[in-house]
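Visitor: Encoded as structure tokens, here's the structure I'll be asking about.
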Amino acid sequence: MAYSNKVIDHYEHPRNVGSLDKNAEDVGTGLVGAPACGDVMKLQLRINDDGIIEDAKFKTFGCGSAIASSSLVTEMVKGKTVEYALSINNSIIAEELKLPPVKIHCSVLAEDAIKAAIADFKKKKASRAAATAE
Amino acid sequence: MALKLPIYLDNHATTKVDPKVLDAMLPYLTEVFGNAGSRNHSFGWSAQEGVERAREQVADLIGADPKEIVFTSGATESDNLAIFGVAHFYKEKGKHLVTQVTEHKAVLDACHALEKEGFEITWLPVDKEGMVNPADVRAAIRPDTILVSIMWANNEVGTIQDIAAIGAICREKGVFFHSDAVQGIGKLPFDVAKMNVDMVSISAHKMYGPKGIGALYVRRGRPRLRLEPTMFGGGQERGLRSGTHAVHQIVGLGAACAVAKEAMAAGEADRLRALRDRLWNGLQANLDELYLNGSWEHRLPGNLNVSLAFCEGEAMMMAIKELAVSSGSACTSASLEPSYVLRAMGVDVELAHTSIRFGIGRFTTEEEVDFAIQLVTEKVRWLREMSPLYEMVKEGIDIKSIEWAAH
């Protein structure tokens, strides 16, 4: 596969690989993809009370562009608001990495991972609020 | 001595031309450039001598008569000539053929094309090691069966079929038998009489000869086997394959066969097997969750096909770019489907995505294998560190219990 230098850079030097405590109240975890399809992304975001993403970590099983897409989004969302993170769509990622057409699904997966992580965070927050109300 | 990088470990895809083969070929591009079909001058005669010597060398390697060797452009053409040749010549007798699911695309797609012409194909399954059961071949043969085509050694997993047994069944049933033997010829002994074959496809570039040249062994004698040509023109190769002889290529194929025969006698297969075992043992000593694909017992000496669980194949190949290998991962194919060979063997689709094929060859050294062990070990660990699946397994989560959203 002929990849752009940016994909190769993110693949060879992935940013923010690792895990956050998935049980922590301020951490949202998104796990998307499927092993049978050849790619699984786990994206974790630590979000403070002001809705700022303080930290982002990923682990990805998948091809070079899947790893590069997840590495890129951790860089894009760190220090940014939840609203901004939700505005990132796959075409921004695909364009930034100059993904070949057959690899567009990797950028879709990365977008899904952001949305899933934030949804998980919001779910946790809502159930905590419900528990406090009781 | 410093290692020269990258290291070539893809000898099932193609091989480097042996220097002895190149030496044999070169004069046929310079002094002996005649058309082997020119019967009236020495340029033609010399070229023809080269072609006929090569024919003897090919025949000698497989225990055939030189008259039984038809030169073609390669194994794809040999497979097509065998399959279409029999089907079109014997279509009045019957329109049923038998093959199996892990054949090379040259056989599979030729059979698919015949289906469109109204022929019926039985696609035999393989077991988890990639083996065809000869009893299945027997059961599949019908009164209207005209051809059975089963490969000798598989190009992905190196599984070696029991050609002699399958051939004996075909003989008994009076059905012609073709075998695509390109991966095994020149690596392991092959005798057409012992193997009970009627047609055998051979390729030069899989055995340290040049690309663009191959041969089809077509048995002579009774019962008579006739083929309808797929190429028409000047009537070369007894009308079976028209087209000016590619003399230098043919000489290269002949020389490759002669060199292979010597190499086999000198124990090349044992040397390759030892290197392959060294690679496999080395990886297993360093890493867990490795899964061998194919049969250990019935396997090409230079083949190691292994699933490196939790490391997607294309990512793996990018990580070990100092090694030229190939993968059955979807991401390395245009279709986005993982290897049909591995799937047919019942390999988990997850594991199929992580398969890597190492092809050890004549020019592979022990130092190169040791380098490969070290590099693969290091990069598998690196990719697993990055893999959410490996993390989950280490936490004791059963990945199969999760409801993944297919995409």
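Residue numbers start at 1 in each chain; chains themselves are named A, B, ... in the order of the structure tokens; ligands are numbered from 1 in the order shown.
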Tell me, counting only C-alpha atoms, for each residue of chain A within 6 Å of chain B, which pair of atoms is nearest and how far apart they are in Å to one decimal, in rows ordered by chain and increasing number, as a Markdown table.
Guide:
```
| residue | atom | partner | partner_atom | distance |
| --- | --- | --- | --- | --- |
| A:Ala34 | CA | B:Trp404 | CA | 5.2 |
| A:Pro35 | CA | B:Glu350 | CA | 5.4 |
| A:Ala36 | CA | B:Glu350 | CA | 4.7 |
| A:Gly38 | CA | B:His353 | CA | 5.8 |
| A:Lys59 | CA | B:Met386 | CA | 4.9 |
| A:Thr60 | CA | B:Ser387 | CA | 5.0 |
| A:Phe61 | CA | B:Ser387 | CA | 4.8 |
| A:Gly62 | CA | B:Glu312 | CA | 5.1 |
| A:Cys63 | CA | B:Ala315 | CA | 4.5 |
| A:Gly64 | CA | B:Ala315 | CA | 4.8 |
```
Visitor: Region 294-302 of chain B: which residues within 6 Å, counting only C-alpha atoms, same-chain residues fewer than 3 positions away excluded, as a list of chain:residue names?
Guide: B:Glu129, B:Gly130, B:Val157, B:Gly158, B:Thr159, B:Ile160, B:Ala269, B:Leu272, B:Arg273, B:Arg276, B:Gly359, B:Ile360
Visitor: I need the residues from that last selection saved to file as an mmCIF file, in the first residue's frame (with N, CA and C atoms), if you can.
Guide:
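Just written: again.cif:
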```
data_model
loop_
_atom_site.group_PDB
_atom_site.id
_atom_site.type_symbol
_atom_site.label_atom_id
_atom_site.label_comp_id
_atom_site.auth_asym_id
_atom_site.auth_seq_id
_atom_site.Cartn_x
_atom_site.Cartn_y
_atom_site.Cartn_z
ATOM 1 N N GLU B 129 -5.887 -28.678 7.611
ATOM 2 C CA GLU B 129 -4.492 -28.557 7.188
ATOM 3 C C GLU B 129 -4.382 -28.233 5.694
ATOM 4 N N GLY B 130 -5.524 -28.107 5.045
ATOM 5 C CA GLY B 130 -5.506 -27.782 3.619
ATOM 6 C C GLY B 130 -5.438 -28.997 2.708
ATOM 7 N N VAL B 157 0.074 -21.851 1.954
ATOM 8 C CA VAL B 157 0.395 -22.589 3.179
ATOM 9 C C VAL B 157 1.338 -23.767 2.942
ATOM 10 N N GLY B 158 1.682 -24.027 1.689
ATOM 11 C CA GLY B 158 2.669 -25.067 1.394
ATOM 12 C C GLY B 158 2.186 -26.493 1.560
ATOM 13 N N THR B 159 0.875 -26.671 1.761
ATOM 14 C CA THR B 159 0.339 -28.025 1.947
ATOM 15 C C THR B 159 0.522 -28.859 0.673
ATOM 16 N N ILE B 160 1.058 -30.066 0.851
ATOM 17 C CA ILE B 160 1.332 -30.955 -0.280
ATOM 18 C C ILE B 160 0.251 -32.035 -0.355
ATOM 19 N N ALA B 269 16.614 -29.387 -0.112
ATOM 20 C CA ALA B 269 15.349 -29.425 0.643
ATOM 21 C C ALA B 269 15.620 -29.518 2.147
ATOM 22 N N LEU B 272 16.696 -26.091 3.434
ATOM 23 C CA LEU B 272 15.568 -25.163 3.562
ATOM 24 C C LEU B 272 14.700 -25.525 4.759
ATOM 25 N N ARG B 273 14.503 -26.829 4.929
ATOM 26 C CA ARG B 273 13.684 -27.297 6.053
ATOM 27 C C ARG B 273 14.326 -26.894 7.382
ATOM 28 N N ARG B 276 13.761 -23.240 7.894
ATOM 29 C CA ARG B 276 12.343 -23.017 8.219
ATOM 30 C C ARG B 276 12.078 -23.409 9.672
ATOM 31 N N GLY B 359 8.685 -17.254 2.946
ATOM 32 C CA GLY B 359 9.110 -18.195 1.907
ATOM 33 C C GLY B 359 10.626 -18.220 1.828
ATOM 34 N N ILE B 360 11.199 -19.283 2.376
ATOM 35 C CA ILE B 360 12.652 -19.418 2.418
ATOM 36 C C ILE B 360 13.116 -20.069 1.126
#
```
Visitor: Between CA of Cys106 (chain A) and CA of Ser65 (chain A), what is the distance in Å, rounded to a tenth?
Guide: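 CA of Ser65 (chain A) lies 6.4 Å from CA of Cys106 (chain A).
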Visitor: Among chain A, which residues carry a DSSP assignment of alpha helix (DSSP H), reported as a ChimeraX atom specification?
Guide: /A:5-12,64-77,82-87,90-97,104-133
Visitor: When DSSP works through the backbone of this structure, what residues of region 210-333 of chain B end up as strand (DSSP E or B), shown as a PyMOL selection string?
Guide: chain B and resi 214-218+290-292+299+303-308+323-324+326-327
Visitor: Would you mind reading off the distance between CA of Tyr84 (chain A) and CA of Glu54 (chain A), one decimal, in Å?
Guide: 13.3 Å
Visitor: Counting only C-alpha atoms, which residue out of B:Met195, B:Ile373, B:Ile83, B:Ala215 sits closest to Asp277 (chain B)?
Guide: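 With only C-alpha atoms as the atom set, the closest residue is B:Ile373.
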Visitor: Determine, counting only C-alpha atoms, which protein, DNA and RNA residues have an atom within 9 Å of an atom of Asp136 (chain B); residues of the same chain fewer than 4 positions away are not included. Present the result as an NGL selection string.
Guide: :B and (124-125 or 132 or 140-141)
Visitor: Using the selection just defined, write its residues with all heavy atoms as a PDB file, in the first residue's frame.
Guide:
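The file below, out_17.pdb, is the result:
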```
ATOM      1  N   LEU B 124     -14.161 -29.393  -4.469  1.00  0.00           N
ATOM      2  CA  LEU B 124     -13.949 -30.199  -3.263  1.00  0.00           C
ATOM      3  C   LEU B 124     -13.425 -29.323  -2.124  1.00  0.00           C
ATOM      4  O   LEU B 124     -12.648 -28.403  -2.352  1.00  0.00           O
ATOM      5  CB  LEU B 124     -12.948 -31.325  -3.540  1.00  0.00           C
ATOM      6  CG  LEU B 124     -13.398 -32.371  -4.554  1.00  0.00           C
ATOM      7  CD1 LEU B 124     -12.284 -33.384  -4.779  1.00  0.00           C
ATOM      8  CD2 LEU B 124     -14.659 -33.077  -4.080  1.00  0.00           C
ATOM      9  N   PRO B 125     -13.833 -29.663  -0.886  1.00  0.00           N
ATOM     10  CA  PRO B 125     -13.325 -28.911   0.273  1.00  0.00           C
ATOM     11  C   PRO B 125     -11.945 -29.431   0.694  1.00  0.00           C
ATOM     12  O   PRO B 125     -11.490 -30.463   0.198  1.00  0.00           O
ATOM     13  CB  PRO B 125     -14.362 -29.234   1.350  1.00  0.00           C
ATOM     14  CG  PRO B 125     -14.823 -30.620   1.008  1.00  0.00           C
ATOM     15  CD  PRO B 125     -14.761 -30.728  -0.500  1.00  0.00           C
ATOM     16  N   VAL B 132      -6.802 -32.275   0.629  1.00  0.00           N
ATOM     17  CA  VAL B 132      -7.957 -32.859  -0.037  1.00  0.00           C
ATOM     18  C   VAL B 132      -7.968 -34.352   0.315  1.00  0.00           C
ATOM     19  O   VAL B 132      -6.926 -35.005   0.276  1.00  0.00           O
ATOM     20  CB  VAL B 132      -7.833 -32.701  -1.566  1.00  0.00           C
ATOM     21  CG1 VAL B 132      -8.916 -33.478  -2.286  1.00  0.00           C
ATOM     22  CG2 VAL B 132      -7.870 -31.233  -1.947  1.00  0.00           C
ATOM     23  N   ALA B 140     -16.559 -37.848  -6.087  1.00  0.00           N
ATOM     24  CA  ALA B 140     -17.024 -36.753  -6.960  1.00  0.00           C
ATOM     25  C   ALA B 140     -17.049 -37.151  -8.428  1.00  0.00           C
ATOM     26  O   ALA B 140     -17.716 -36.513  -9.237  1.00  0.00           O
ATOM     27  CB  ALA B 140     -16.135 -35.527  -6.758  1.00  0.00           C
ATOM     28  N   ILE B 141     -16.283 -38.197  -8.779  1.00  0.00           N
ATOM     29  CA  ILE B 141     -16.182 -38.579 -10.198  1.00  0.00           C
ATOM     30  C   ILE B 141     -17.484 -39.238 -10.663  1.00  0.00           C
ATOM     31  O   ILE B 141     -18.017 -40.120 -10.003  1.00  0.00           O
ATOM     32  CB  ILE B 141     -14.965 -39.504 -10.435  1.00  0.00           C
ATOM     33  CG1 ILE B 141     -13.682 -38.705 -10.178  1.00  0.00           C
ATOM     34  CG2 ILE B 141     -14.977 -40.076 -11.857  1.00  0.00           C
ATOM     35  CD1 ILE B 141     -12.412 -39.531 -10.240  1.00  0.00           C
TER      36      ILE B 141
END
```
Visitor: So that I can check the surroundings of region 76-82 of chain B, please list as a PyMOL selection string every protein, DNA and RNA residue that reaches within 7 Å of it, counting only C-alpha atoms and ignoring chain neighbours fewer than 3 positions away.
Guide: chain B and resi 72-73+85-86+106-107+110+178+180+199+201+215-216+229-230
Visitor: Next, write the just-selected residues to a file, as an mmCIF file, in the first residue's frame, keeping C-alpha atoms as the atom set.
Guide:
```cif
data_model
loop_
_atom_site.group_PDB
_atom_site.id
_atom_site.type_symbol
_atom_site.label_atom_id
_atom_site.label_comp_id
_atom_site.auth_asym_id
_atom_site.auth_seq_id
_atom_site.Cartn_x
_atom_site.Cartn_y
_atom_site.Cartn_z
ATOM 1 C CA THR B 72 4.098 -21.981 -22.531
ATOM 2 C CA SER B 73 4.375 -18.452 -21.165
ATOM 3 C CA GLY B 85 -7.774 -27.966 -23.684
ATOM 4 C CA VAL B 86 -9.438 -31.031 -22.173
ATOM 5 C CA ALA B 106 -5.437 -19.645 -12.671
ATOM 6 C CA VAL B 107 -7.287 -22.922 -12.071
ATOM 7 C CA ALA B 110 -10.504 -21.052 -15.655
ATOM 8 C CA HIS B 178 -3.997 -32.378 -14.175
ATOM 9 C CA ASP B 180 -0.541 -27.457 -10.960
ATOM 10 C CA MET B 199 -0.763 -33.096 -17.221
ATOM 11 C CA SER B 201 1.957 -27.245 -14.922
ATOM 12 C CA ALA B 215 5.698 -25.726 -19.479
ATOM 13 C CA LEU B 216 2.841 -28.159 -19.533
ATOM 14 C CA PRO B 229 -5.202 -25.449 -28.302
ATOM 15 C CA THR B 230 -5.934 -22.084 -26.708
#
```
Visitor: Fewer than 4 positions away in the same chain doesn't count, so skip those; otherwise give me all residues within 12 Å of region 118-134 of chain A, counting only C-alpha atoms, as a ChimeraX atom specification.
Guide: /A:22-31,43-49,51-53,56,77,81-87,111-114
Visitor: In terms of the shortest atom-to-atom distance over only C-alpha atoms, which of B:Asp370, B:Asp23, B:Glu395, B:Asp10 is closest to Gly209 (chain B)?
Guide: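 With only C-alpha atoms as the atom set, the closest residue is B:Asp23.
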